[in-house]
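Source file: coords.csv (CSV, C-alpha atoms)
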```
chain,number,residue,atom,x,y,z
F,28,MET,CA,0.0,0.0,0.0
F,29,THR,CA,1.4,3.3,-1.0
F,30,ALA,CA,1.1,6.0,1.7
F,31,GLN,CA,1.2,9.4,0.2
F,32,VAL,CA,0.4,12.7,1.7
F,33,GLU,CA,-0.9,15.0,-1.0
F,34,LEU,CA,-3.5,17.6,-0.9
F,35,ASP,CA,-6.4,17.4,-3.5
F,36,PRO,CA,-5.9,20.4,-5.8
F,37,VAL,CA,-9.7,20.6,-6.4
F,38,ILE,CA,-10.3,21.3,-2.7
F,39,HIS,CA,-7.0,23.0,-2.0
F,40,ALA,CA,-8.2,26.5,-2.8
F,41,ALA,CA,-9.5,28.8,0.0
F,42,ALA,CA,-13.0,29.3,-1.6
F,43,ARG,CA,-13.6,25.7,-2.5
F,44,LEU,CA,-12.2,24.5,0.8
F,45,ARG,CA,-14.9,26.7,2.6
F,46,VAL,CA,-17.6,25.4,0.2
F,47,THR,CA,-16.7,21.7,0.8
F,48,THR,CA,-16.3,22.3,4.6
F,49,THR,CA,-19.8,23.8,4.7
F,50,LEU,CA,-21.3,20.9,2.6
F,51,ALA,CA,-19.5,18.3,4.7
F,52,ALA,CA,-21.0,19.8,7.8
F,53,LEU,CA,-24.4,18.7,6.6
F,54,GLY,CA,-25.5,15.1,7.3
F,55,THR,CA,-25.1,12.4,4.7
F,56,GLY,CA,-28.1,12.5,2.5
F,57,ASP,CA,-28.8,16.2,3.1
F,58,ARG,CA,-28.7,19.0,0.6
F,59,ILE,CA,-28.8,22.8,1.0
F,60,SER,CA,-30.5,25.5,-1.1
F,61,PHE,CA,-28.2,27.7,-3.1
F,62,PRO,CA,-29.2,31.0,-1.3
F,63,ARG,CA,-28.7,29.5,2.2
F,64,LEU,CA,-25.3,28.1,1.1
F,65,GLN,CA,-24.4,31.5,-0.3
F,66,LYS,CA,-25.3,33.2,3.0
F,67,LEU,CA,-23.2,30.7,5.0
F,68,LEU,CA,-20.2,31.5,2.7
F,69,GLU,CA,-20.8,35.2,2.1
F,70,MET,CA,-19.9,34.7,-1.5
F,71,THR,CA,-21.5,36.3,-4.6
F,72,ALA,CA,-23.8,34.1,-6.6
F,73,GLY,CA,-21.5,34.2,-9.6
F,74,ASN,CA,-18.4,33.3,-7.6
F,75,LEU,CA,-20.2,30.4,-5.8
F,76,SER,CA,-21.5,29.1,-9.1
F,77,THR,CA,-18.0,29.1,-10.6
F,78,HIS,CA,-16.6,27.1,-7.7
F,79,LEU,CA,-19.6,24.7,-7.6
F,80,ARG,CA,-19.1,24.0,-11.3
F,81,LYS,CA,-15.4,23.0,-10.7
F,82,LEU,CA,-16.4,20.8,-7.8
F,83,GLN,CA,-19.2,19.3,-10.0
F,84,ASP,CA,-16.8,18.6,-12.8
F,85,ALA,CA,-14.6,16.7,-10.4
F,86,GLY,CA,-17.7,14.7,-9.3
F,87,TYR,CA,-17.5,16.1,-5.8
F,88,VAL,CA,-20.8,18.0,-5.7
F,89,GLU,CA,-24.3,17.2,-6.9
F,90,VAL,CA,-26.5,20.1,-8.0
F,91,THR,CA,-30.3,19.4,-8.1
F,92,LYS,CA,-32.6,21.8,-9.8
F,93,THR,CA,-36.2,21.7,-8.6
F,94,HIS,CA,-39.3,23.8,-8.2
F,95,GLN,CA,-40.9,25.2,-5.1
F,96,GLY,CA,-44.3,26.1,-6.3
F,97,ARG,CA,-43.5,28.2,-9.4
F,98,THR,CA,-40.1,29.4,-8.3
F,99,PRO,CA,-37.1,27.3,-9.4
F,100,ALA,CA,-34.8,26.2,-6.6
F,101,THR,CA,-31.3,24.8,-6.7
F,102,TYR,CA,-30.0,22.4,-4.1
F,103,VAL,CA,-26.4,21.5,-3.5
F,104,ALA,CA,-24.9,18.4,-1.8
F,105,LEU,CA,-21.5,16.8,-1.5
F,106,SER,CA,-21.4,13.5,-3.4
F,107,ARG,CA,-20.2,10.4,-1.8
F,108,ARG,CA,-17.0,10.8,-3.7
F,109,GLY,CA,-16.7,14.4,-2.6
F,110,ARG,CA,-17.2,13.6,1.0
F,111,ARG,CA,-14.5,11.0,0.8
F,112,ALA,CA,-12.2,13.4,-1.0
F,113,TYR,CA,-12.8,16.1,1.7
F,114,GLU,CA,-12.1,13.6,4.5
F,115,ASP,CA,-8.9,12.6,2.8
F,116,TYR,CA,-7.9,16.2,2.4
F,117,VAL,CA,-8.4,17.0,6.1
F,118,THR,CA,-6.6,13.8,7.1
F,119,SER,CA,-3.7,14.7,4.9
F,120,LEU,CA,-3.6,18.2,6.2
F,121,ARG,CA,-3.5,17.0,9.8
F,122,ALA,CA,-0.8,14.4,8.9
F,123,LEU,CA,1.3,17.2,7.4
F,124,LEU,CA,0.8,19.2,10.6
F,125,SER,CA,1.6,16.4,13.0
F,126,ALA,CA,4.6,15.0,11.0
F,127,PRO,CA,7.5,15.1,13.4
F,128,ALA,CA,10.2,15.5,10.8
F,129,PRO,CA,10.9,18.8,9.1
F,130,LEU,CA,8.8,19.0,5.9
F,131,ALA,CA,9.4,20.3,2.5
F,132,PRO,CA,7.5,23.6,2.2
F,133,LEU,CA,3.8,23.0,1.5
F,134,ALA,CA,2.5,24.4,-1.7
F,135,PRO,CA,0.8,27.7,-0.9
F,136,LEU,CA,-3.0,27.7,-0.8
F,137,ALA,CA,-4.5,30.0,-3.3
F,138,THR,CA,-6.8,32.4,-1.5
F,139,LYS,CA,-7.9,34.3,-4.5
F,140,GLU,CA,-9.3,32.5,-7.5
F,141,ASN,CA,-11.8,33.6,-10.2
F,142,GLY,CA,-12.4,36.9,-8.5
E,23,MET,CA,-0.6,6.2,7.3
E,24,THR,CA,3.0,7.3,7.2
E,25,HIS,CA,4.4,10.5,6.0
E,26,GLY,CA,7.5,9.2,4.2
E,27,SER,CA,6.7,10.7,0.8
E,28,ASP,CA,5.6,14.2,2.0
E,29,ALA,CA,8.7,15.7,0.5
E,30,ALA,CA,8.1,14.0,-2.8
E,31,ALA,CA,4.4,14.9,-2.9
E,32,ALA,CA,4.6,18.5,-1.9
E,33,PRO,CA,6.4,20.0,-4.9
E,34,ASP,CA,3.7,18.6,-7.2
E,35,LEU,CA,1.2,20.9,-5.7
E,36,GLU,CA,3.0,24.0,-6.7
E,37,ALA,CA,2.2,23.1,-10.3
E,38,HIS,CA,-1.5,23.6,-9.6
E,39,LEU,CA,-1.4,26.9,-7.8
E,40,THR,CA,-0.4,30.4,-8.6
E,41,PRO,CA,-1.5,32.2,-5.5
E,42,GLU,CA,-1.7,35.9,-4.8
E,43,GLN,CA,-1.6,35.2,-1.1
E,44,THR,CA,-0.5,32.0,0.7
E,45,LEU,CA,-1.8,30.2,3.8
E,46,THR,CA,0.3,27.9,5.9
E,47,PRO,CA,-1.1,24.4,6.7
E,48,GLU,CA,-2.0,25.8,10.2
E,49,GLN,CA,-3.9,28.7,8.6
E,50,THR,CA,-5.6,26.3,6.3
E,51,LEU,CA,-6.8,24.2,9.2
E,52,ALA,CA,-7.9,27.3,11.0
E,53,LEU,CA,-9.9,28.3,8.0
E,54,ILE,CA,-11.7,24.9,8.1
E,55,ASP,CA,-12.3,25.2,11.8
E,56,SER,CA,-13.7,28.7,11.6
E,57,GLN,CA,-16.0,27.9,8.7
E,58,ARG,CA,-17.2,24.7,10.4
E,59,ALA,CA,-17.9,26.7,13.6
E,60,ARG,CA,-19.9,29.2,11.7
E,61,VAL,CA,-21.9,26.6,9.9
E,62,ASP,CA,-22.6,24.7,13.2
E,63,ALA,CA,-23.7,28.0,14.9
E,64,GLU,CA,-26.1,28.8,12.1
E,65,LEU,CA,-27.5,25.4,11.2
E,66,ASP,CA,-27.7,23.7,14.6
E,67,VAL,CA,-30.6,24.1,16.9
E,68,ASP,CA,-29.4,25.9,20.0
E,69,PRO,CA,-30.5,23.9,23.1
E,70,ARG,CA,-29.7,26.8,25.4
E,71,ARG,CA,-32.4,29.0,23.9
E,72,LEU,CA,-35.0,26.2,23.7
E,73,TYR,CA,-34.4,24.9,27.3
E,74,ALA,CA,-34.4,28.4,28.6
E,75,ALA,CA,-37.8,29.2,26.9
E,76,TRP,CA,-39.4,26.0,28.2
E,77,GLY,CA,-37.8,26.3,31.7
E,78,ALA,CA,-39.1,29.9,32.1
E,79,ALA,CA,-42.6,28.8,30.8
E,80,TRP,CA,-42.8,25.9,33.2
E,81,LEU,CA,-41.3,27.7,36.2
E,82,VAL,CA,-43.8,30.6,35.9
E,83,GLY,CA,-46.8,28.7,34.6
E,84,PHE,CA,-46.8,25.8,37.0
E,85,GLY,CA,-45.6,28.2,39.8
E,86,GLY,CA,-48.7,30.3,39.2
E,87,LEU,CA,-51.0,27.2,39.3
E,88,TYR,CA,-49.4,26.1,42.6
E,89,ALA,CA,-49.7,29.6,44.1
E,90,THR,CA,-53.4,29.8,43.2
E,91,SER,CA,-54.3,26.2,44.1
E,92,VAL,CA,-53.1,25.9,47.7
E,93,ASP,CA,-55.7,26.3,50.4
E,94,GLU,CA,-54.5,29.8,51.2
E,95,PRO,CA,-53.5,31.2,47.8
E,96,LEU,CA,-50.0,32.8,47.8
E,97,VAL,CA,-51.1,35.5,45.2
E,98,ASP,CA,-54.3,37.4,44.7
E,99,VAL,CA,-55.0,36.0,41.2
E,100,SER,CA,-57.9,33.7,40.2
E,101,ARG,CA,-57.2,30.1,39.3
E,102,GLY,CA,-58.7,30.8,35.9
E,103,ALA,CA,-56.2,33.5,35.2
E,104,ALA,CA,-53.3,31.3,36.3
E,105,LEU,CA,-54.5,28.5,34.0
E,106,GLY,CA,-54.8,31.0,31.1
E,107,ALA,CA,-51.3,32.3,31.8
E,108,HIS,CA,-50.0,28.7,31.9
E,109,PHE,CA,-51.6,28.0,28.6
E,110,VAL,CA,-50.3,31.2,27.0
E,111,LEU,CA,-46.7,30.5,28.2
E,112,LEU,CA,-46.8,27.0,26.8
E,113,VAL,CA,-48.0,28.2,23.4
E,114,ALA,CA,-45.4,31.0,23.4
E,115,ALA,CA,-42.6,28.4,24.2
E,116,MET,CA,-43.9,26.2,21.5
E,117,ALA,CA,-44.0,29.0,18.9
E,118,TYR,CA,-40.5,30.1,19.9
E,119,THR,CA,-39.3,26.6,19.4
E,120,ALA,CA,-41.0,26.3,16.0
E,121,VAL,CA,-39.5,29.7,14.8
E,122,HIS,CA,-36.0,28.9,16.1
E,123,VAL,CA,-35.9,25.4,14.5
E,124,SER,CA,-37.4,26.5,11.2
E,125,ARG,CA,-34.8,29.3,11.0
E,126,ALA,CA,-31.9,27.0,11.7
E,127,THR,CA,-33.0,24.4,9.2
E,128,ARG,CA,-34.2,26.7,6.5
E,129,GLY,CA,-32.9,25.7,3.0
E,130,VAL,CA,-31.8,22.2,4.2
E,131,ARG,CA,-33.5,19.2,2.7
E,132,GLY,CA,-33.0,15.5,2.8
E,133,VAL,CA,-32.6,12.9,5.5
E,134,SER,CA,-32.2,15.2,8.5
E,135,ALA,CA,-35.1,17.4,7.3
E,136,THR,CA,-37.4,14.4,7.1
E,137,THR,CA,-36.3,13.2,10.5
E,138,GLY,CA,-36.9,16.7,12.0
E,139,ALA,CA,-40.3,17.0,10.4
E,140,MET,CA,-41.5,13.6,11.6
E,141,TYR,CA,-40.2,14.5,15.1
E,142,GLY,CA,-42.0,17.9,15.0
E,143,TRP,CA,-45.2,16.2,14.0
E,144,SER,CA,-44.8,13.8,16.9
E,145,TRP,CA,-45.0,16.8,19.2
E,146,MET,CA,-47.9,18.4,17.4
E,147,LEU,CA,-50.1,15.3,17.2
E,148,GLY,CA,-49.1,14.2,20.7
E,149,PHE,CA,-50.2,17.5,22.2
E,150,ALA,CA,-53.3,17.7,19.9
E,151,SER,CA,-54.5,14.3,21.2
E,152,LEU,CA,-54.4,15.5,24.9
E,153,PRO,CA,-57.6,17.4,24.9
E,154,VAL,CA,-59.4,14.6,23.1
E,155,ILE,CA,-58.3,12.0,25.6
E,156,ILE,CA,-59.0,14.2,28.6
E,157,THR,CA,-62.4,15.2,27.3
E,158,ALA,CA,-63.2,11.5,26.8
E,159,VAL,CA,-62.2,10.8,30.4
E,160,GLU,CA,-64.4,13.6,31.5
E,161,ARG,CA,-67.3,12.3,29.6
E,162,VAL,CA,-67.2,8.9,31.5
E,163,GLY,CA,-67.6,10.9,34.7
E,164,ALA,CA,-64.1,11.5,36.0
E,165,PRO,CA,-64.1,14.2,38.7
E,166,GLU,CA,-62.2,17.5,38.5
E,167,PRO,CA,-59.1,16.4,40.5
E,168,VAL,CA,-58.6,13.5,38.1
E,169,LEU,CA,-58.8,15.8,35.1
E,170,ASP,CA,-56.4,18.3,36.7
E,171,LEU,CA,-53.9,15.5,37.4
E,172,LEU,CA,-54.2,14.3,33.7
E,173,TRP,CA,-53.7,17.8,32.4
E,174,THR,CA,-50.4,17.9,34.3
E,175,THR,CA,-49.1,14.4,34.0
E,176,LEU,CA,-49.9,13.6,30.4
E,177,PRO,CA,-48.0,16.6,29.0
E,178,GLY,CA,-45.1,15.7,31.4
E,179,LEU,CA,-45.2,12.1,30.0
E,180,LEU,CA,-45.1,13.3,26.4
E,181,VAL,CA,-42.4,15.9,26.9
E,182,GLY,CA,-40.2,13.3,28.8
E,183,VAL,CA,-40.6,10.6,26.2
E,184,LEU,CA,-40.1,13.0,23.2
E,185,TYR,CA,-36.9,14.4,24.7
E,186,MET,CA,-35.6,10.8,25.2
E,187,MET,CA,-36.6,10.1,21.6
E,188,ALA,CA,-34.6,13.2,20.5
E,189,GLY,CA,-31.7,11.9,22.4
E,190,ALA,CA,-32.0,8.6,20.5
E,191,LEU,CA,-32.4,10.3,17.1
E,192,TRP,CA,-29.6,12.7,17.3
E,193,GLN,CA,-27.2,10.8,19.7
E,194,ASP,CA,-27.7,13.5,22.3
E,195,TRP,CA,-27.2,12.2,25.8
E,196,SER,CA,-28.1,15.6,27.4
E,197,GLY,CA,-31.5,15.6,25.7
E,198,PHE,CA,-32.0,12.0,26.7
E,199,ALA,CA,-31.0,12.7,30.3
E,200,LEU,CA,-33.3,15.7,30.4
E,201,GLY,CA,-36.2,13.5,29.2
E,202,VAL,CA,-35.5,11.0,32.0
E,203,TRP,CA,-35.5,13.9,34.5
E,204,ILE,CA,-38.8,15.2,33.2
E,205,LEU,CA,-40.4,11.7,33.5
E,206,VAL,CA,-39.1,11.3,37.0
E,207,SER,CA,-40.3,14.7,38.0
E,208,THR,CA,-43.8,13.9,36.5
E,209,GLY,CA,-43.9,10.6,38.3
E,210,LEU,CA,-42.9,12.1,41.7
E,211,GLY,CA,-45.3,15.0,41.1
E,212,ALA,CA,-48.1,12.6,40.4
E,213,LEU,CA,-47.4,10.8,43.7
E,214,ALA,CA,-47.4,14.1,45.5
E,215,GLY,CA,-50.9,14.7,44.2
E,216,LEU,CA,-52.6,18.1,43.9
E,217,PRO,CA,-51.5,20.8,44.3
E,218,GLY,CA,-48.0,19.6,45.1
E,219,ILE,CA,-47.5,18.4,41.6
E,220,TYR,CA,-47.6,22.0,40.3
E,221,LEU,CA,-44.7,22.9,42.7
E,222,VAL,CA,-42.7,19.8,41.5
E,223,MET,CA,-43.3,20.6,37.8
E,224,SER,CA,-42.4,24.2,38.4
E,225,LEU,CA,-39.2,23.7,40.4
E,226,ALA,CA,-37.9,20.3,39.3
E,227,GLY,CA,-39.3,20.4,35.7
E,228,GLY,CA,-38.9,24.1,34.9
E,229,GLY,CA,-35.8,24.3,37.1
E,230,GLY,CA,-34.4,21.3,35.3
E,231,PHE,CA,-34.7,22.9,31.9
E,232,LEU,CA,-33.1,26.1,33.2
E,233,LEU,CA,-30.2,24.2,34.8
E,234,ALA,CA,-29.7,22.3,31.5
E,235,ALA,CA,-29.7,25.7,29.6
E,236,GLY,CA,-27.1,27.0,32.1
E,237,ALA,CA,-24.9,23.9,31.8
E,238,PHE,CA,-24.9,24.2,28.0
E,239,ALA,CA,-24.0,27.9,28.2
E,240,LEU,CA,-21.1,27.1,30.5
E,241,LEU,CA,-19.9,24.2,28.3
E,242,ARG,CA,-20.1,26.4,25.2
E,243,ALA,CA,-18.2,29.2,26.8
E,244,ARG,CA,-15.5,26.9,28.0
E,245,HIS,CA,-15.3,25.3,24.5
E,246,ALA,CA,-15.0,28.7,22.9
E,247,ARG,CA,-12.2,29.7,25.3
E,248,GLN,CA,-10.3,26.5,24.5
E,249,SER,CA,-10.7,27.0,20.7
E,250,ALA,CA,-9.5,30.6,21.1
E,251,GLN,CA,-6.4,29.4,23.0
E,252,ALA,CA,-5.7,26.6,20.5
E,253,ALA,CA,-5.9,29.2,17.7
E,254,ARG,CA,-3.4,31.4,19.4
E,255,ALA,CA,-1.0,28.6,20.2
E,256,PRO,CA,2.0,28.5,17.9
```

Have the structure of the file written as structure tokens, please.
Amino acid sequence: MTAQVELDPVIHAAARLRVTTTLAALGTGDRISFPRLQKLLEMTAGNLSTHLRKLQDAGYVEVTKTHQGRTPATYVALSRRGRRAYEDYVTSLRALLSAPAPLAPLAPLATKENG
Amino acid sequence: MTHGSDAAAAPDLEAHLTPEQTLTPEQTLALIDSQRARVDAELDVDPRRLYAAWGAAWLVGFGGLYATSVDEPLVDVSRGAALGAHFVLLVAAMAYTAVHVSRATRGVRGVSATTGAMYGWSWMLGFASLPVIITAVERVGAPEPVLDLLWTTLPGLLVGVLYMMAGALWQDWSGFALGVWILVSTGLGALAGLPGIYLVMSLAGGGGFLLAAGAFALLRARHARQSAQAARAP
């Protein structure tokens, strides 16, 4: 078994890390409305959409479009794969932090991406 | 998991990122923790608020019933007024709970929403069935003291069991323990009879809720202090 500590580049961006952290806080099988997610993240709708698309492309996030009465509603959830990727990311990060030996410098985390 | 290949893995990451600003691993973990704390604070139902609302309602409502039901009333208020106040306080606590829970869970769907809705309906239908049962008991000729006892013990039974159920559903030992406490208070109150039961429900029941709210507030404050200390640590 190869043990490798590497940080998933899809998650390893400040905005997407906050998105996945928020979605991972929901119970398995739960989904959250786009406006509520936006409020929890304090991101613009366009910015959040961009990051969600990247996560969706990686298969980490599932977006459901539905209707509440006549108004369309969008719901977002972490996929099973996304939840596993997020858990692996956090595990790797903690492993990096608790490693006793001096480490090679960690790749910097991009805090600004796509405006 | 071993960390043997950290040095080999880390340089690969740089290829993916061209940052304007950089965060250390510690800061990355802090970012996760702060976002998680924010989500928990906004999405979780706050037991402090709910226990405090129910504790105040029971302490005052049952306290009023006791004060007007003893042989020499402790306050110059009619028993009808005390009953009315008790009812209004319970409805207010219920409304507060409904508003708080619906605010916290707004926009969330799926398994937990279904669980929460079923649990909410257990409360609603459980309490809606009380007047039906008690009216039926009245119609077969039960005297007033029996009805008074039912009006106090049946809600106590429901609340106790529903809190225990909440403990089971959400793996919440404090809620389960509070349910047991309410059941025990109701049972002891029933043995004490009228009007002693009102005093037991007020002090042990309402007081129990308020103590639970206080204990939660202390725990949260201590947890917040520890988190702040951990964040400051190098």

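With all atoms listed in the file taken into account, the protein and nucleic acid residues at most 7 Å from F:Ala51 (excluding it and anything under 2 positions from it in its own chain) are Thr47, Thr48, Thr49, Leu53, Leu105 and Arg110 of chain F.
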
* State, in Å with one decimal place, the distance from atom CA of E:Val202 to atom CA of F:Gly54. => 27.0 Å

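Picture a line from atom CA of E:Ile156 to atom CA of E:Val168; it runs 9.5 Å.
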
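Candidate residues F:Gln83, F:Thr101, F:Thr71, F:Ser76 were compared for distance to chain E, and the nearest is F:Thr101, using only C-alpha atoms.
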
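Put simply, atom CA of F:Leu82 is 7.7 Å away from atom CA of F:Arg43.
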
* Name the residues in contact with stretch 82-90 of chain E at a cut-off of 7 Å, using all atoms listed in the file, excluding same-chain residues fewer than 4 positions from it; report them as a PyMOL selection string. => chain E and resi 78+95-97+99-101+104-105+107-108+111+217+220-221+223-224

Convert the current residue selection to file output with C-alpha atoms, as an mmCIF file, in the frame of the given file.
```cif
data_model
loop_
_atom_site.group_PDB
_atom_site.id
_atom_site.type_symbol
_atom_site.label_atom_id
_atom_site.label_comp_id
_atom_site.auth_asym_id
_atom_site.auth_seq_id
_atom_site.Cartn_x
_atom_site.Cartn_y
_atom_site.Cartn_z
ATOM 1 C CA ALA E 78 -39.100 29.900 32.100
ATOM 2 C CA PRO E 95 -53.500 31.200 47.800
ATOM 3 C CA LEU E 96 -50.000 32.800 47.800
ATOM 4 C CA VAL E 97 -51.100 35.500 45.200
ATOM 5 C CA VAL E 99 -55.000 36.000 41.200
ATOM 6 C CA SER E 100 -57.900 33.700 40.200
ATOM 7 C CA ARG E 101 -57.200 30.100 39.300
ATOM 8 C CA ALA E 104 -53.300 31.300 36.300
ATOM 9 C CA LEU E 105 -54.500 28.500 34.000
ATOM 10 C CA ALA E 107 -51.300 32.300 31.800
ATOM 11 C CA HIS E 108 -50.000 28.700 31.900
ATOM 12 C CA LEU E 111 -46.700 30.500 28.200
ATOM 13 C CA PRO E 217 -51.500 20.800 44.300
ATOM 14 C CA TYR E 220 -47.600 22.000 40.300
ATOM 15 C CA LEU E 221 -44.700 22.900 42.700
ATOM 16 C CA MET E 223 -43.300 20.600 37.800
ATOM 17 C CA SER E 224 -42.400 24.200 38.400
#
```

* When distances are computed from only C-alpha atoms, which of F:Gly86, F:Tyr102, F:Leu34, F:Arg45 shows the smallest separation from E:Arg131? -> F:Tyr102

* Asked: Contacts of E:Ala212 at 12 Å or less, counting only C-alpha atoms, minus same-chain residues fewer than 5 places along, as a PyMOL selection string?
  -> chain E and resi 167-168+170-176+178-179+205-207+217-223

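Using only C-alpha atoms, the smallest distance between any of E:Val130, E:Leu191, E:Ala103, E:Leu51 and chain F comes from E:Val130.
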
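Closest approach to chain F among E:Ala164, E:Leu240, E:Ile54, E:Met187 is made by E:Ile54 (distances from only C-alpha atoms).
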
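Of the listed residues E:Arg244, E:His122, E:Arg161, E:Arg128, the one whose atoms come nearest to chain F is E:Arg128, with distances taken using only C-alpha atoms.
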
Counting all atoms listed in the file, what is within 12 Å of stretch 66-68 of chain E, bar same-chain residues fewer than 4 positions away, as a compact mmCIF listing (two decimals) with C-alpha atoms, in the coordinates of the input?
```
# COMPACT_ATOMS: atom_id res chain seq x y z
CA ALA F 52 -21.00 19.80 7.80
CA LEU F 53 -24.40 18.70 6.60
CA GLY F 54 -25.50 15.10 7.30
CA ARG E 58 -17.20 24.70 10.40
CA ALA E 59 -17.90 26.70 13.60
CA ARG E 60 -19.90 29.20 11.70
CA VAL E 61 -21.90 26.60 9.90
CA ASP E 62 -22.60 24.70 13.20
CA LEU E 72 -35.00 26.20 23.70
CA TYR E 73 -34.40 24.90 27.30
CA ALA E 74 -34.40 28.40 28.60
CA ALA E 75 -37.80 29.20 26.90
CA TYR E 118 -40.50 30.10 19.90
CA THR E 119 -39.30 26.60 19.40
CA ALA E 120 -41.00 26.30 16.00
CA VAL E 121 -39.50 29.70 14.80
CA HIS E 122 -36.00 28.90 16.10
CA VAL E 123 -35.90 25.40 14.50
CA SER E 124 -37.40 26.50 11.20
CA ARG E 125 -34.80 29.30 11.00
CA ALA E 126 -31.90 27.00 11.70
CA THR E 127 -33.00 24.40 9.20
CA ARG E 128 -34.20 26.70 6.50
CA VAL E 130 -31.80 22.20 4.20
CA SER E 134 -32.20 15.20 8.50
CA GLY E 138 -36.90 16.70 12.00
CA TRP E 192 -29.60 12.70 17.30
CA GLY E 197 -31.50 15.60 25.70
CA ALA E 235 -29.70 25.70 29.60
CA PHE E 238 -24.90 24.20 28.00
CA ALA E 239 -24.00 27.90 28.20
CA ARG E 242 -20.10 26.40 25.20
```

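Distances here use all atoms listed in the file; by that measure, the residue among E:Leu147, E:Pro177, E:Leu213, E:Glu94 closest to E:Phe109 is E:Pro177.
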
Stretch 51-64 of chain F rebuilt with N, CA and C atoms, output as a PDB file, in the coordinates of the input:
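See rebuild_19.pdb below for the written result:
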```
ATOM      1  N   ALA F  51     -19.790  19.501   3.895  1.00  0.00           N
ATOM      2  CA  ALA F  51     -19.500  18.300   4.700  1.00  0.00           C
ATOM      3  C   ALA F  51     -20.086  18.394   6.086  1.00  0.00           C
ATOM      4  N   ALA F  52     -20.421  19.638   6.517  1.00  0.00           N
ATOM      5  CA  ALA F  52     -21.000  19.800   7.800  1.00  0.00           C
ATOM      6  C   ALA F  52     -22.488  19.295   7.831  1.00  0.00           C
ATOM      7  N   LEU F  53     -23.087  19.204   6.652  1.00  0.00           N
ATOM      8  CA  LEU F  53     -24.400  18.700   6.600  1.00  0.00           C
ATOM      9  C   LEU F  53     -24.390  17.160   6.758  1.00  0.00           C
ATOM     10  N   GLY F  54     -25.506  16.586   7.187  1.00  0.00           N
ATOM     11  CA  GLY F  54     -25.500  15.100   7.300  1.00  0.00           C
ATOM     12  C   GLY F  54     -25.503  14.457   5.991  1.00  0.00           C
ATOM     13  N   THR F  55     -25.055  13.201   5.975  1.00  0.00           N
ATOM     14  CA  THR F  55     -25.100  12.400   4.700  1.00  0.00           C
ATOM     15  C   THR F  55     -26.527  12.322   4.265  1.00  0.00           C
ATOM     16  N   GLY F  56     -26.745  12.582   2.968  1.00  0.00           N
ATOM     17  CA  GLY F  56     -28.100  12.500   2.500  1.00  0.00           C
ATOM     18  C   GLY F  56     -28.860  13.830   2.556  1.00  0.00           C
ATOM     19  N   ASP F  57     -28.178  14.899   3.041  1.00  0.00           N
ATOM     20  CA  ASP F  57     -28.800  16.200   3.100  1.00  0.00           C
ATOM     21  C   ASP F  57     -28.319  17.107   1.986  1.00  0.00           C
ATOM     22  N   ARG F  58     -29.167  18.037   1.558  1.00  0.00           N
ATOM     23  CA  ARG F  58     -28.700  19.000   0.600  1.00  0.00           C
ATOM     24  C   ARG F  58     -29.238  20.394   1.035  1.00  0.00           C
ATOM     25  N   ILE F  59     -28.549  21.424   0.522  1.00  0.00           N
ATOM     26  CA  ILE F  59     -28.800  22.800   1.000  1.00  0.00           C
ATOM     27  C   ILE F  59     -29.164  23.675  -0.185  1.00  0.00           C
ATOM     28  N   SER F  60     -30.064  24.631   0.027  1.00  0.00           N
ATOM     29  CA  SER F  60     -30.500  25.500  -1.100  1.00  0.00           C
ATOM     30  C   SER F  60     -29.310  26.467  -1.396  1.00  0.00           C
ATOM     31  N   PHE F  61     -29.236  26.842  -2.658  1.00  0.00           N
ATOM     32  CA  PHE F  61     -28.200  27.700  -3.100  1.00  0.00           C
ATOM     33  C   PHE F  61     -28.137  29.052  -2.296  1.00  0.00           C
ATOM     34  N   PRO F  62     -29.281  29.721  -2.073  1.00  0.00           N
ATOM     35  CA  PRO F  62     -29.200  31.000  -1.300  1.00  0.00           C
ATOM     36  C   PRO F  62     -28.712  30.815   0.128  1.00  0.00           C
ATOM     37  N   ARG F  63     -29.126  29.714   0.777  1.00  0.00           N
ATOM     38  CA  ARG F  63     -28.700  29.500   2.200  1.00  0.00           C
ATOM     39  C   ARG F  63     -27.156  29.234   2.165  1.00  0.00           C
ATOM     40  N   LEU F  64     -26.687  28.447   1.195  1.00  0.00           N
ATOM     41  CA  LEU F  64     -25.300  28.100   1.100  1.00  0.00           C
ATOM     42  C   LEU F  64     -24.478  29.433   0.854  1.00  0.00           C
TER      43      LEU F  64
END
```
